[in-house]
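To start, the structure itself, in structure tokens.
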Amino acid sequence: IQEIAKELGADKKLKYRIGILLEIPRAALTIDEVANEIDFIHFGTNDLTQMTCGFSRKDSSKFISDYVEKGMFAKDPFTSLDENGVGELIKICMERCRKVKPSISFAVVGEHARDPQSIKFFNSIGIHELSCSPEYLAIAKIGAAQAALKIQ
């Protein structure tokens, strides 16, 4: 983009940031291969949860309560982020990115961006941008404020 903008004489006029929507575990683990090419990552946690856990939201409704009851998950991982699985994968991705490009920024997209417990986790690892459906903005704002103030 920069080369073409320069050829067209628009390199001083064109301001942009390039990022990715990360939804696949392999992309998270190999992020250092493309980190220099991007300015931000938005974690699509709904699909990332499906791909990491190996089951779909639709199918999991039949058995997820048993998994929670048996302690395999603290809560339904489609409602509140699975910090030990998906959360750890996000942390690994962020660490690998920052080794290559310290200025990269991170955000979360999806239903986890409205869950106060998930927001607290995101805040603790340095994610301070959330994107959720408009009807959940108030919940997300309260969750973000609580996380920033470290309120339960």
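A note on labels: chains of the structure tokens are A, B, ... as shown, every chain counts residues from 1, and ligands are counted from 1 in their shown order.
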### Task
From the DSSP assignment of the backbone, select every residue of chain A that is alpha helix (DSSP H), and format the answer as a ChimeraX atom specification.
/A:2-7,25-29,45-53,57-60,64-69,88-100,116-124,137-149
### Message
I want to know what sits within 9 Å of Asp39 (chain A), based on only C-alpha atoms, with residues of the same chain fewer than 6 positions away left out; could you give that as a VMD selection string?
### Response
chain A and resid 17 to 20 101 103 to 106
### Query
Which neighbours of Glu135 (chain A) fall inside 12 Å, counting only C-alpha atoms, when residues of the same chain fewer than 5 positions from it are skipped, and could you give them as a VMD selection string?
chain A and resid 111 114 140 to 141
Store the residues of this selection in a file with N, CA, C and O atoms, as an mmCIF file, in the first residue's frame.
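As a result, part.cif now contains:
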```cif
data_model
loop_
_atom_site.group_PDB
_atom_site.id
_atom_site.type_symbol
_atom_site.label_atom_id
_atom_site.label_comp_id
_atom_site.auth_asym_id
_atom_site.auth_seq_id
_atom_site.Cartn_x
_atom_site.Cartn_y
_atom_site.Cartn_z
ATOM 1 N N GLU A 111 -19.138 -11.664 21.796
ATOM 2 C CA GLU A 111 -19.923 -11.706 23.029
ATOM 3 C C GLU A 111 -19.085 -11.609 24.298
ATOM 4 O O GLU A 111 -19.554 -11.127 25.320
ATOM 5 N N ARG A 114 -18.716 -8.271 26.185
ATOM 6 C CA ARG A 114 -19.793 -7.727 27.024
ATOM 7 C C ARG A 114 -19.877 -8.418 28.386
ATOM 8 O O ARG A 114 -20.692 -8.051 29.224
ATOM 9 N N ALA A 140 -20.914 -3.527 28.732
ATOM 10 C CA ALA A 140 -19.481 -3.519 28.443
ATOM 11 C C ALA A 140 -18.789 -2.340 29.127
ATOM 12 O O ALA A 140 -17.698 -2.482 29.689
ATOM 13 N N LYS A 141 -19.425 -1.176 29.104
ATOM 14 C CA LYS A 141 -18.834 -0.001 29.745
ATOM 15 C C LYS A 141 -18.715 -0.197 31.251
ATOM 16 O O LYS A 141 -17.694 0.152 31.862
#
```
### Query
Within 12 Å of Leu89 (chain A), counting only C-alpha atoms, which residues qualify if same-chain residues fewer than 2 places away don't, as JSON, numbers by chain?
{"A": [22, 23, 24, 25, 26, 27, 28, 29, 30, 31, 43, 45, 48, 49, 51, 52, 53, 81, 82, 83, 84, 85, 86, 87, 91, 92, 93, 94, 95, 96, 125]}
Create the file for the chosen residues now, containing N, CA and C atoms and written as an mmCIF file, in the first residue's frame.
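Now in again-v1.cif:
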```cif
data_model
loop_
_atom_site.group_PDB
_atom_site.id
_atom_site.type_symbol
_atom_site.label_atom_id
_atom_site.label_comp_id
_atom_site.auth_asym_id
_atom_site.auth_seq_id
_atom_site.Cartn_x
_atom_site.Cartn_y
_atom_site.Cartn_z
ATOM 1 N N LEU A 22 -8.546 -12.154 14.216
ATOM 2 C CA LEU A 22 -7.944 -13.446 14.504
ATOM 3 C C LEU A 22 -8.976 -14.361 15.144
ATOM 4 N N GLU A 23 -9.266 -15.475 14.467
ATOM 5 C CA GLU A 23 -10.294 -16.398 14.936
ATOM 6 C C GLU A 23 -9.846 -17.862 14.942
ATOM 7 N N ILE A 24 -8.606 -18.118 14.554
ATOM 8 C CA ILE A 24 -8.132 -19.492 14.397
ATOM 9 C C ILE A 24 -6.892 -19.711 15.255
ATOM 10 N N PRO A 25 -6.870 -20.782 16.057
ATOM 11 C CA PRO A 25 -5.725 -21.019 16.937
ATOM 12 C C PRO A 25 -4.366 -21.027 16.223
ATOM 13 N N ARG A 26 -4.268 -21.629 15.060
ATOM 14 C CA ARG A 26 -2.984 -21.657 14.356
ATOM 15 C C ARG A 26 -2.511 -20.244 14.025
ATOM 16 N N ALA A 27 -3.435 -19.376 13.661
ATOM 17 C CA ALA A 27 -3.066 -17.988 13.371
ATOM 18 C C ALA A 27 -2.512 -17.311 14.622
ATOM 19 N N ALA A 28 -3.076 -17.641 15.770
ATOM 20 C CA ALA A 28 -2.576 -17.065 17.032
ATOM 21 C C ALA A 28 -1.160 -17.545 17.331
ATOM 22 N N LEU A 29 -0.897 -18.797 17.063
ATOM 23 C CA LEU A 29 0.407 -19.375 17.384
ATOM 24 C C LEU A 29 1.500 -19.001 16.385
ATOM 25 N N THR A 30 1.116 -18.637 15.181
ATOM 26 C CA THR A 30 2.099 -18.274 14.151
ATOM 27 C C THR A 30 2.070 -16.782 13.841
ATOM 28 N N ILE A 31 1.515 -15.998 14.728
ATOM 29 C CA ILE A 31 1.322 -14.569 14.498
ATOM 30 C C ILE A 31 2.626 -13.827 14.256
ATOM 31 N N PHE A 43 -9.335 -9.917 18.316
ATOM 32 C CA PHE A 43 -9.593 -11.323 18.593
ATOM 33 C C PHE A 43 -11.088 -11.595 18.478
ATOM 34 N N THR A 45 -13.422 -13.762 19.564
ATOM 35 C CA THR A 45 -13.403 -14.789 20.608
ATOM 36 C C THR A 45 -14.495 -15.840 20.466
ATOM 37 N N LEU A 48 -12.890 -18.194 17.943
ATOM 38 C CA LEU A 48 -11.669 -18.697 18.564
ATOM 39 C C LEU A 48 -12.007 -19.719 19.652
ATOM 40 N N THR A 49 -13.084 -19.489 20.378
ATOM 41 C CA THR A 49 -13.530 -20.449 21.396
ATOM 42 C C THR A 49 -13.970 -21.755 20.745
ATOM 43 N N MET A 51 -13.072 -23.005 17.845
ATOM 44 C CA MET A 51 -11.933 -23.691 17.244
ATOM 45 C C MET A 51 -10.979 -24.251 18.308
ATOM 46 N N THR A 52 -10.806 -23.543 19.401
ATOM 47 C CA THR A 52 -9.897 -23.982 20.455
ATOM 48 C C THR A 52 -10.492 -25.143 21.253
ATOM 49 N N CYS A 53 -11.772 -25.032 21.578
ATOM 50 C CA CYS A 53 -12.430 -26.075 22.382
ATOM 51 C C CYS A 53 -12.826 -27.292 21.553
ATOM 52 N N LEU A 81 -15.233 -16.025 28.951
ATOM 53 C CA LEU A 81 -14.030 -16.560 28.325
ATOM 54 C C LEU A 81 -13.386 -17.679 29.138
ATOM 55 N N ASP A 82 -12.999 -18.736 28.462
ATOM 56 C CA ASP A 82 -12.230 -19.828 29.050
ATOM 57 C C ASP A 82 -10.795 -19.320 29.206
ATOM 58 N N GLU A 83 -10.491 -18.757 30.358
ATOM 59 C CA GLU A 83 -9.196 -18.115 30.583
ATOM 60 C C GLU A 83 -8.031 -19.093 30.486
ATOM 61 N N ASN A 84 -8.237 -20.340 30.924
ATOM 62 C CA ASN A 84 -7.148 -21.317 30.920
ATOM 63 C C ASN A 84 -6.843 -21.871 29.531
ATOM 64 N N GLY A 85 -7.796 -21.799 28.631
ATOM 65 C CA GLY A 85 -7.602 -22.303 27.275
ATOM 66 C C GLY A 85 -7.491 -21.172 26.274
ATOM 67 N N VAL A 86 -8.610 -20.572 25.933
ATOM 68 C CA VAL A 86 -8.650 -19.489 24.947
ATOM 69 C C VAL A 86 -7.877 -18.277 25.470
ATOM 70 N N GLY A 87 -8.024 -17.966 26.736
ATOM 71 C CA GLY A 87 -7.314 -16.836 27.320
ATOM 72 C C GLY A 87 -5.803 -17.024 27.250
ATOM 73 N N LYS A 91 -2.986 -14.765 25.274
ATOM 74 C CA LYS A 91 -1.766 -14.251 25.912
ATOM 75 C C LYS A 91 -0.516 -14.653 25.134
ATOM 76 N N ILE A 92 -0.450 -15.893 24.698
ATOM 77 C CA ILE A 92 0.692 -16.363 23.906
ATOM 78 C C ILE A 92 0.810 -15.547 22.623
ATOM 79 N N CYS A 93 -0.303 -15.346 21.966
ATOM 80 C CA CYS A 93 -0.329 -14.560 20.732
ATOM 81 C C CYS A 93 0.185 -13.143 20.982
ATOM 82 N N MET A 94 -0.304 -12.512 22.026
ATOM 83 C CA MET A 94 0.113 -11.147 22.344
ATOM 84 C C MET A 94 1.613 -11.077 22.640
ATOM 85 N N GLU A 95 2.117 -12.043 23.393
ATOM 86 C CA GLU A 95 3.551 -12.068 23.716
ATOM 87 C C GLU A 95 4.383 -12.208 22.448
ATOM 88 N N ARG A 96 3.977 -13.095 21.549
ATOM 89 C CA ARG A 96 4.725 -13.303 20.309
ATOM 90 C C ARG A 96 4.674 -12.062 19.425
ATOM 91 N N ILE A 125 -4.573 -8.425 30.982
ATOM 92 C CA ILE A 125 -3.504 -8.796 30.039
ATOM 93 C C ILE A 125 -3.211 -7.671 29.038
#
```
### Members of chain A assigned strand (DSSP E or B) by DSSP, as number ranges by chain
A: 19-22, 40-44, 105-109, 130-131
#### Entry: Nearest candidate to Phe55 (chain A) (options A:Pro77, A:Ala35, A:Val108, A:Ile1; using only C-alpha atoms)
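Selected residue with least distance to Phe55 (chain A): A:Pro77.
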Which polymer residues have any atom within 12 Å of an atom of Pro116 (chain A), counting only C-alpha atoms, with same-chain residues fewer than 3 positions away left out, as a PDB file with N, CA, C and O atoms, in the first residue's frame?
```pdb
ATOM      1  N   THR A  79     -20.114 -17.856  27.013  1.00  0.00           N
ATOM      2  CA  THR A  79     -20.654 -16.734  27.786  1.00  0.00           C
ATOM      3  C   THR A  79     -19.541 -15.961  28.470  1.00  0.00           C
ATOM      4  O   THR A  79     -19.510 -14.736  28.453  1.00  0.00           O
ATOM      5  N   SER A  80     -18.632 -16.690  29.096  1.00  0.00           N
ATOM      6  CA  SER A  80     -17.506 -16.094  29.811  1.00  0.00           C
ATOM      7  C   SER A  80     -16.230 -16.785  29.327  1.00  0.00           C
ATOM      8  O   SER A  80     -16.174 -18.018  29.282  1.00  0.00           O
ATOM      9  N   LEU A  81     -15.233 -16.025  28.951  1.00  0.00           N
ATOM     10  CA  LEU A  81     -14.030 -16.560  28.325  1.00  0.00           C
ATOM     11  C   LEU A  81     -13.386 -17.679  29.138  1.00  0.00           C
ATOM     12  O   LEU A  81     -13.237 -17.570  30.353  1.00  0.00           O
ATOM     13  N   GLU A 111     -19.138 -11.664  21.796  1.00  0.00           N
ATOM     14  CA  GLU A 111     -19.923 -11.706  23.029  1.00  0.00           C
ATOM     15  C   GLU A 111     -19.085 -11.609  24.298  1.00  0.00           C
ATOM     16  O   GLU A 111     -19.554 -11.127  25.320  1.00  0.00           O
ATOM     17  N   HIS A 112     -17.847 -12.044  24.255  1.00  0.00           N
ATOM     18  CA  HIS A 112     -16.999 -11.932  25.437  1.00  0.00           C
ATOM     19  C   HIS A 112     -16.692 -10.472  25.773  1.00  0.00           C
ATOM     20  O   HIS A 112     -16.337 -10.164  26.905  1.00  0.00           O
ATOM     21  N   ALA A 113     -16.844  -9.603  24.792  1.00  0.00           N
ATOM     22  CA  ALA A 113     -16.591  -8.166  25.017  1.00  0.00           C
ATOM     23  C   ALA A 113     -17.687  -7.525  25.855  1.00  0.00           C
ATOM     24  O   ALA A 113     -17.579  -6.360  26.222  1.00  0.00           O
ATOM     25  N   ILE A 119     -14.072  -9.247  30.566  1.00  0.00           N
ATOM     26  CA  ILE A 119     -13.480  -7.907  30.439  1.00  0.00           C
ATOM     27  C   ILE A 119     -12.393  -7.715  31.496  1.00  0.00           C
ATOM     28  O   ILE A 119     -11.335  -7.154  31.211  1.00  0.00           O
ATOM     29  N   LYS A 120     -12.632  -8.201  32.693  1.00  0.00           N
ATOM     30  CA  LYS A 120     -11.625  -8.113  33.762  1.00  0.00           C
ATOM     31  C   LYS A 120     -10.352  -8.848  33.335  1.00  0.00           C
ATOM     32  O   LYS A 120      -9.238  -8.337  33.513  1.00  0.00           O
ATOM     33  N   PHE A 121     -10.515 -10.020  32.756  1.00  0.00           N
ATOM     34  CA  PHE A 121      -9.356 -10.773  32.270  1.00  0.00           C
ATOM     35  C   PHE A 121      -8.639 -10.001  31.158  1.00  0.00           C
ATOM     36  O   PHE A 121      -7.413  -9.864  31.187  1.00  0.00           O
ATOM     37  N   PHE A 122      -9.394  -9.510  30.182  1.00  0.00           N
ATOM     38  CA  PHE A 122      -8.778  -8.761  29.075  1.00  0.00           C
ATOM     39  C   PHE A 122      -7.995  -7.564  29.605  1.00  0.00           C
ATOM     40  O   PHE A 122      -6.884  -7.295  29.164  1.00  0.00           O
ATOM     41  N   ASN A 123      -8.567  -6.849  30.538  1.00  0.00           N
ATOM     42  CA  ASN A 123      -7.889  -5.693  31.130  1.00  0.00           C
ATOM     43  C   ASN A 123      -6.574  -6.128  31.789  1.00  0.00           C
ATOM     44  O   ASN A 123      -5.554  -5.459  31.648  1.00  0.00           O
ATOM     45  N   LEU A 130     -12.856  -2.993  23.188  1.00  0.00           N
ATOM     46  CA  LEU A 130     -13.914  -3.992  23.105  1.00  0.00           C
ATOM     47  C   LEU A 130     -14.892  -3.611  22.006  1.00  0.00           C
ATOM     48  O   LEU A 130     -15.191  -2.435  21.832  1.00  0.00           O
ATOM     49  N   TYR A 136     -25.489  -4.089  24.047  1.00  0.00           N
ATOM     50  CA  TYR A 136     -24.674  -4.494  25.189  1.00  0.00           C
ATOM     51  C   TYR A 136     -23.628  -3.453  25.583  1.00  0.00           C
ATOM     52  O   TYR A 136     -22.790  -3.711  26.450  1.00  0.00           O
ATOM     53  N   LEU A 137     -23.672  -2.289  24.971  1.00  0.00           N
ATOM     54  CA  LEU A 137     -22.671  -1.257  25.268  1.00  0.00           C
ATOM     55  C   LEU A 137     -22.642  -0.861  26.738  1.00  0.00           C
ATOM     56  O   LEU A 137     -21.571  -0.719  27.322  1.00  0.00           O
ATOM     57  N   ALA A 138     -23.791  -0.688  27.336  1.00  0.00           N
ATOM     58  CA  ALA A 138     -23.831  -0.277  28.750  1.00  0.00           C
ATOM     59  C   ALA A 138     -23.173  -1.328  29.641  1.00  0.00           C
ATOM     60  O   ALA A 138     -22.377  -0.995  30.528  1.00  0.00           O
ATOM     61  N   ILE A 139     -23.465  -2.593  29.393  1.00  0.00           N
ATOM     62  CA  ILE A 139     -22.864  -3.678  30.176  1.00  0.00           C
ATOM     63  C   ILE A 139     -21.357  -3.688  29.980  1.00  0.00           C
ATOM     64  O   ILE A 139     -20.589  -3.826  30.937  1.00  0.00           O
ATOM     65  N   ALA A 140     -20.914  -3.527  28.732  1.00  0.00           N
ATOM     66  CA  ALA A 140     -19.481  -3.519  28.443  1.00  0.00           C
ATOM     67  C   ALA A 140     -18.789  -2.340  29.127  1.00  0.00           C
ATOM     68  O   ALA A 140     -17.698  -2.482  29.689  1.00  0.00           O
ATOM     69  N   LYS A 141     -19.425  -1.176  29.104  1.00  0.00           N
ATOM     70  CA  LYS A 141     -18.834  -0.001  29.745  1.00  0.00           C
ATOM     71  C   LYS A 141     -18.715  -0.197  31.251  1.00  0.00           C
ATOM     72  O   LYS A 141     -17.694   0.152  31.862  1.00  0.00           O
ATOM     73  N   ILE A 142     -19.736  -0.744  31.868  1.00  0.00           N
ATOM     74  CA  ILE A 142     -19.692  -0.997  33.317  1.00  0.00           C
ATOM     75  C   ILE A 142     -18.607  -2.032  33.626  1.00  0.00           C
ATOM     76  O   ILE A 142     -17.820  -1.859  34.554  1.00  0.00           O
ATOM     77  N   GLY A 143     -18.563  -3.094  32.832  1.00  0.00           N
ATOM     78  CA  GLY A 143     -17.537  -4.118  33.033  1.00  0.00           C
ATOM     79  C   GLY A 143     -16.135  -3.559  32.879  1.00  0.00           C
ATOM     80  O   GLY A 143     -15.230  -3.888  33.654  1.00  0.00           O
ATOM     81  N   ALA A 144     -15.939  -2.710  31.882  1.00  0.00           N
ATOM     82  CA  ALA A 144     -14.628  -2.097  31.662  1.00  0.00           C
ATOM     83  C   ALA A 144     -14.256  -1.174  32.822  1.00  0.00           C
ATOM     84  O   ALA A 144     -13.107  -1.169  33.288  1.00  0.00           O
ATOM     85  N   ALA A 145     -15.227  -0.404  33.300  1.00  0.00           N
ATOM     86  CA  ALA A 145     -14.968   0.493  34.441  1.00  0.00           C
ATOM     87  C   ALA A 145     -14.618  -0.316  35.688  1.00  0.00           C
ATOM     88  O   ALA A 145     -13.669   0.006  36.405  1.00  0.00           O
ATOM     89  N   GLN A 146     -15.361  -1.400  35.927  1.00  0.00           N
ATOM     90  CA  GLN A 146     -15.064  -2.252  37.077  1.00  0.00           C
ATOM     91  C   GLN A 146     -13.680  -2.863  36.965  1.00  0.00           C
ATOM     92  O   GLN A 146     -12.943  -2.934  37.951  1.00  0.00           O
ATOM     93  N   ALA A 147     -13.335  -3.324  35.774  1.00  0.00           N
ATOM     94  CA  ALA A 147     -12.015  -3.930  35.565  1.00  0.00           C
ATOM     95  C   ALA A 147     -10.913  -2.892  35.812  1.00  0.00           C
ATOM     96  O   ALA A 147      -9.907  -3.195  36.461  1.00  0.00           O
ATOM     97  N   ALA A 148     -11.113  -1.688  35.293  1.00  0.00           N
ATOM     98  CA  ALA A 148     -10.113  -0.631  35.469  1.00  0.00           C
ATOM     99  C   ALA A 148      -9.942  -0.268  36.936  1.00  0.00           C
ATOM    100  O   ALA A 148      -8.845   0.048  37.385  1.00  0.00           O
ATOM    101  N   LYS A 150     -10.653  -2.390  39.307  1.00  0.00           N
ATOM    102  CA  LYS A 150     -10.443  -3.671  39.983  1.00  0.00           C
ATOM    103  C   LYS A 150     -11.550  -3.986  40.983  1.00  0.00           C
ATOM    104  O   LYS A 150     -11.303  -4.424  42.095  1.00  0.00           O
ATOM    105  N   ILE A 151     -12.795  -3.751  40.539  1.00  0.00           N
ATOM    106  CA  ILE A 151     -13.978  -4.036  41.356  1.00  0.00           C
ATOM    107  C   ILE A 151     -14.564  -5.352  40.893  1.00  0.00           C
ATOM    108  O   ILE A 151     -14.644  -5.612  39.710  1.00  0.00           O
ATOM    109  N   GLN A 152     -15.003  -6.151  41.820  1.00  0.00           N
ATOM    110  CA  GLN A 152     -15.647  -7.426  41.462  1.00  0.00           C
ATOM    111  C   GLN A 152     -17.058  -7.213  40.993  1.00  0.00           C
ATOM    112  O   GLN A 152     -17.820  -6.500  41.428  1.00  0.00           O
TER     113      GLN A 152
END
```
### Query
What is the distance between CA of Gly44 (chain A) and CA of Leu21 (chain A), in Å to one decimal?
6.2 Å
